[in-house]
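The structure appears right after this line, and notes come after that.
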Amino acid sequence: MQGMIGKKIGMTRVFNDTGRVIAVTVIKTGNIVEQIKTSEKDGYSSVQLGFDTIAEKKVNKPLLGHFKKNNSQPVKVLKEFKLDNKEEQLVPGKAVGVEAFEGVRFVDVAGTVKGRGFAGTIKKYHFQRGRESHGNTNVRERGSCGANSYPARVLPGLKMSGHWGDEQVTIKKLEVVALDKDAGLLYVKGAVPGRNQGIVYIKKNITK
């Protein structure tokens, strides 16, 4: 399979063979196979993975029926990933660990970045401030955003004040520094989007 679901734990540092310090993000992973999709039955091949098991009473009836049909455990998060090859042997209910990334050098990690609320253009896009002398009152405002009588409207796509953050972002080509199979931890070089304890989706980078 080409990816897994994980949880961002936080950042730390590790020392490589030459003693150089590398800043890494720690991701806890370990998924349960919930469903196998095949070309004959579903039209495409993939595996549905689950993360963070929960009690049956916390799952609604449609999802509970889905889990029981596939003889798997109820989980909080579900996500589909493509298979590396059609011969890959996976069974619903089976646990898969961080060893799936053994031999992988680079990964793409997607997560929901922190929400910053309503932000102005200076905070959101690093616009320049207006001068604070000679009667100028436009200090932190955006300034003119429209045209004259033609086209007599504000063109779409302009950088303006508004909601900032709380959207899914993918950071590509993060280097895998180390694996901890016993603890189910993945160490990647650099920053991963989202808050600590946030859900992230890790995929093998096949372009690097």
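We label chains A, B, ... in the order they appear in the structure tokens, count residues from 1 in each chain, and number ligands from 1 in the order shown.
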
Which neighbours of Arg142 of chain A fall inside 12 Å, counting only C-alpha atoms, when residues of the same chain fewer than 2 positions from it are skipped, and could you give them as a list in words?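 Surrounding residues, per the criterion: Ala119, Gly120, Thr121, Ile122, Lys123, Lys124, Tyr125, His126, Phe127, Gln128, Arg129, Gly130, Thr137, Asn138, Val139, Arg140, Ser144, Cys145, Gly146, Leu158, Lys159, Met160, Ser161 and Gly162 of chain A.
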
Residue neighbourhood Asp166 of chain A, 10 Å, only C-alpha atoms, exclusion window fewer than 2 positions, as an mmCIF file with C-alpha atoms, in the first residue's frame:
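Result file is part_16.cif:
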```
data_model
loop_
_atom_site.group_PDB
_atom_site.id
_atom_site.type_symbol
_atom_site.label_atom_id
_atom_site.label_comp_id
_atom_site.auth_asym_id
_atom_site.auth_seq_id
_atom_site.Cartn_x
_atom_site.Cartn_y
_atom_site.Cartn_z
ATOM 1 C CA GLY A 111 -2.655 17.623 7.405
ATOM 2 C CA THR A 112 -5.049 20.392 8.409
ATOM 3 C CA VAL A 113 -3.109 23.527 9.311
ATOM 4 C CA LYS A 114 -3.997 25.581 12.381
ATOM 5 C CA GLY A 115 -6.890 28.003 11.981
ATOM 6 C CA ARG A 116 -5.971 31.682 12.445
ATOM 7 C CA GLY A 117 -9.479 33.096 12.221
ATOM 8 C CA HIS A 163 -10.384 33.500 6.825
ATOM 9 C CA TRP A 164 -6.830 32.196 7.220
ATOM 10 C CA GLN A 168 -5.631 20.814 4.232
ATOM 11 C CA VAL A 169 -2.038 21.304 3.134
ATOM 12 C CA GLY A 194 -1.200 20.789 11.662
#
```

Backbone-only DSSP, strand (DSSP E) members of segment 17-174 of chain A, as number ranges by chain: A: 21-29, 31-37, 46-53, 75-82, 95-96, 106-112, 115-119, 162-165, 168-174

Quick one: pull the distance between atom CA of Ile9 of chain A and atom CA of Lys203 of chain A, Å, one decimal.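 Atom CA of Lys203 of chain A lies 17.6 Å from atom CA of Ile9 of chain A.
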
What's around segment 36-43 of chain A at 8 Å? Count only C-alpha atoms, leave out sequence neighbours fewer than 4 positions away in its own chain, and write the answer as a PDB file with N, CA and C atoms, in the first residue's frame.
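Done, and the output landed in selection-v6.pdb:
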```pdb
ATOM      1  N   VAL A  47      -6.975  -0.197  -0.664  1.00  0.00           N
ATOM      2  CA  VAL A  47      -7.199  -0.710   0.680  1.00  0.00           C
ATOM      3  C   VAL A  47      -7.727   0.433   1.536  1.00  0.00           C
ATOM      4  N   GLN A  48      -8.735   0.147   2.334  1.00  0.00           N
ATOM      5  CA  GLN A  48      -9.280   1.134   3.265  1.00  0.00           C
ATOM      6  C   GLN A  48      -8.683   0.865   4.636  1.00  0.00           C
ATOM      7  N   LEU A  90      -3.379  -8.521   1.906  1.00  0.00           N
ATOM      8  CA  LEU A  90      -3.916  -7.823   3.063  1.00  0.00           C
ATOM      9  C   LEU A  90      -5.262  -8.429   3.430  1.00  0.00           C
ATOM     10  N   VAL A  91      -5.520  -8.548   4.728  1.00  0.00           N
ATOM     11  CA  VAL A  91      -6.748  -9.175   5.213  1.00  0.00           C
ATOM     12  C   VAL A  91      -7.472  -8.189   6.115  1.00  0.00           C
ATOM     13  N   PRO A  92      -8.802  -7.994   5.938  1.00  0.00           N
ATOM     14  CA  PRO A  92      -9.555  -7.108   6.829  1.00  0.00           C
ATOM     15  C   PRO A  92      -9.419  -7.522   8.288  1.00  0.00           C
TER      16      PRO A  92
END
```

Closest of A:Ile27, A:Met1, A:Asp52, A:Val33 to Glu88 of chain A - atom-to-atom distances counting only C-alpha atoms: A:Met1

If I take atom CA of Pro62 of chain A and atom CA of Gln35 of chain A, how far is one from the other in Å, to one decimal?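 About the pair atom CA of Pro62 of chain A and atom CA of Gln35 of chain A: they are 14.8 Å apart.
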
All helix (DSSP H, G or I) positions in segment 52-103 of chain A, as a list in words: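 So the helix (DSSP H, G or I) residues in segment 52-103 of chain A would be Glu56, Lys57, Lys58, Lys61, Pro62, Leu63, Leu64, Gly65, His66, Phe67, Lys68, Lys69, Val98, Glu99, Ala100 and Phe101 of chain A.
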
Would you save the residues of that selection, restricted to N, CA and C atoms, as a short mmCIF file (atom, residue, chain, number, x, y, z; two decimals), in the first residue's frame?
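Printed below is again_28.cif as written:
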```
data_model
loop_
_atom_site.label_atom_id
_atom_site.label_comp_id
_atom_site.auth_asym_id
_atom_site.auth_seq_id
_atom_site.Cartn_x
_atom_site.Cartn_y
_atom_site.Cartn_z
N GLU A 56 -17.77 0.43 20.19
CA GLU A 56 -18.88 0.29 19.24
C GLU A 56 -19.99 1.29 19.51
N LYS A 57 -20.23 1.64 20.78
CA LYS A 57 -21.32 2.55 21.13
C LYS A 57 -21.07 3.97 20.61
N LYS A 58 -19.85 4.27 20.22
CA LYS A 58 -19.52 5.61 19.72
C LYS A 58 -19.60 5.71 18.19
N LYS A 61 -24.86 3.55 13.25
CA LYS A 61 -25.25 2.23 12.75
C LYS A 61 -24.74 1.91 11.34
N PRO A 62 -24.79 2.85 10.39
CA PRO A 62 -24.25 2.52 9.07
C PRO A 62 -22.77 2.13 9.09
N LEU A 63 -21.97 2.90 9.84
CA LEU A 63 -20.54 2.58 9.93
C LEU A 63 -20.32 1.28 10.69
N LEU A 64 -21.10 1.06 11.75
CA LEU A 64 -20.95 -0.17 12.52
C LEU A 64 -21.24 -1.39 11.65
N GLY A 65 -22.26 -1.27 10.79
CA GLY A 65 -22.56 -2.36 9.87
C GLY A 65 -21.43 -2.59 8.88
N HIS A 66 -20.79 -1.49 8.45
CA HIS A 66 -19.65 -1.60 7.54
C HIS A 66 -18.49 -2.35 8.21
N PHE A 67 -18.22 -2.02 9.48
CA PHE A 67 -17.13 -2.68 10.19
C PHE A 67 -17.43 -4.16 10.41
N LYS A 68 -18.65 -4.48 10.80
CA LYS A 68 -19.01 -5.88 11.07
C LYS A 68 -19.01 -6.71 9.79
N LYS A 69 -19.40 -6.10 8.69
CA LYS A 69 -19.42 -6.82 7.41
C LYS A 69 -18.02 -7.26 7.01
N VAL A 98 4.36 0.60 11.07
CA VAL A 98 5.24 1.56 10.41
C VAL A 98 6.24 0.86 9.50
N GLU A 99 6.35 -0.46 9.59
CA GLU A 99 7.28 -1.19 8.72
C GLU A 99 6.89 -1.07 7.24
N ALA A 100 5.67 -0.59 6.98
CA ALA A 100 5.25 -0.38 5.58
C ALA A 100 6.13 0.66 4.89
N PHE A 101 6.80 1.53 5.67
CA PHE A 101 7.66 2.56 5.10
C PHE A 101 9.14 2.16 5.13
#
```

Nearby residues (only C-alpha atoms) at most 6 Å from Val200 of chain A, same-chain spacing under 3 positions excluded, as a tab-separated table (two decimals) with N, CA and C atoms, in the first residue's frame:
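What ended up in out-v2.tsv:
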```tsv
chain	number	residue	atom	x	y	z
A	6	GLY	N	-1.80	8.67	10.28
A	6	GLY	CA	-0.99	8.82	11.48
A	6	GLY	C	-1.45	9.99	12.32
A	7	LYS	N	-0.75	10.19	13.43
A	7	LYS	CA	-1.03	11.30	14.34
A	7	LYS	C	0.28	12.03	14.62
A	110	ALA	N	0.08	15.06	4.46
A	110	ALA	CA	-1.03	16.00	4.38
A	110	ALA	C	-1.67	16.14	5.75
A	111	GLY	N	-2.01	17.36	6.12
A	111	GLY	CA	-2.66	17.62	7.41
A	111	GLY	C	-3.41	18.93	7.34
```

Taking into account only C-alpha atoms, which residue in the set A:Arg195, A:Lys181, A:Lys76, A:Lys172 is nearest to Glu34 of chain A?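 Of the candidates, the smallest distance to Glu34 of chain A is held by A:Lys76.
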
Pick from A:Pro74, A:Gly103, A:Gly143, A:Gly198, whichever lies nearest to Thr29 of chain A using only C-alpha atoms: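 Ranked by minimum distance to Thr29 of chain A, first place goes to A:Gly198.
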
Could you give me, as a VMD selection string, the residues within 7 Å of Gln73 of chain A, counting only C-alpha atoms and dropping anything in the same chain fewer than 2 positions from it? chain A and resid 53 67 75 93

Could you save those same residues with C-alpha atoms as a compact mmCIF listing (two decimals), in the first residue's frame?
```
# COMPACT_ATOMS: atom_id res chain seq x y z
CA THR A 53 -9.92 2.38 17.55
CA PHE A 67 -17.13 -2.68 10.19
CA VAL A 75 -12.18 3.37 14.24
CA GLY A 93 -8.98 -6.83 10.56
```

12 Å contact set for Val176 of chain A, only C-alpha atoms, chain neighbours under 5 positions out, as a ChimeraX atom specification: /A:22-27,98,101-109,185-190,202-205

How many Å lie between atom CA of Arg131 of chain A and atom CA of Val154 of chain A, rounded to one decimal? 24.9 Å
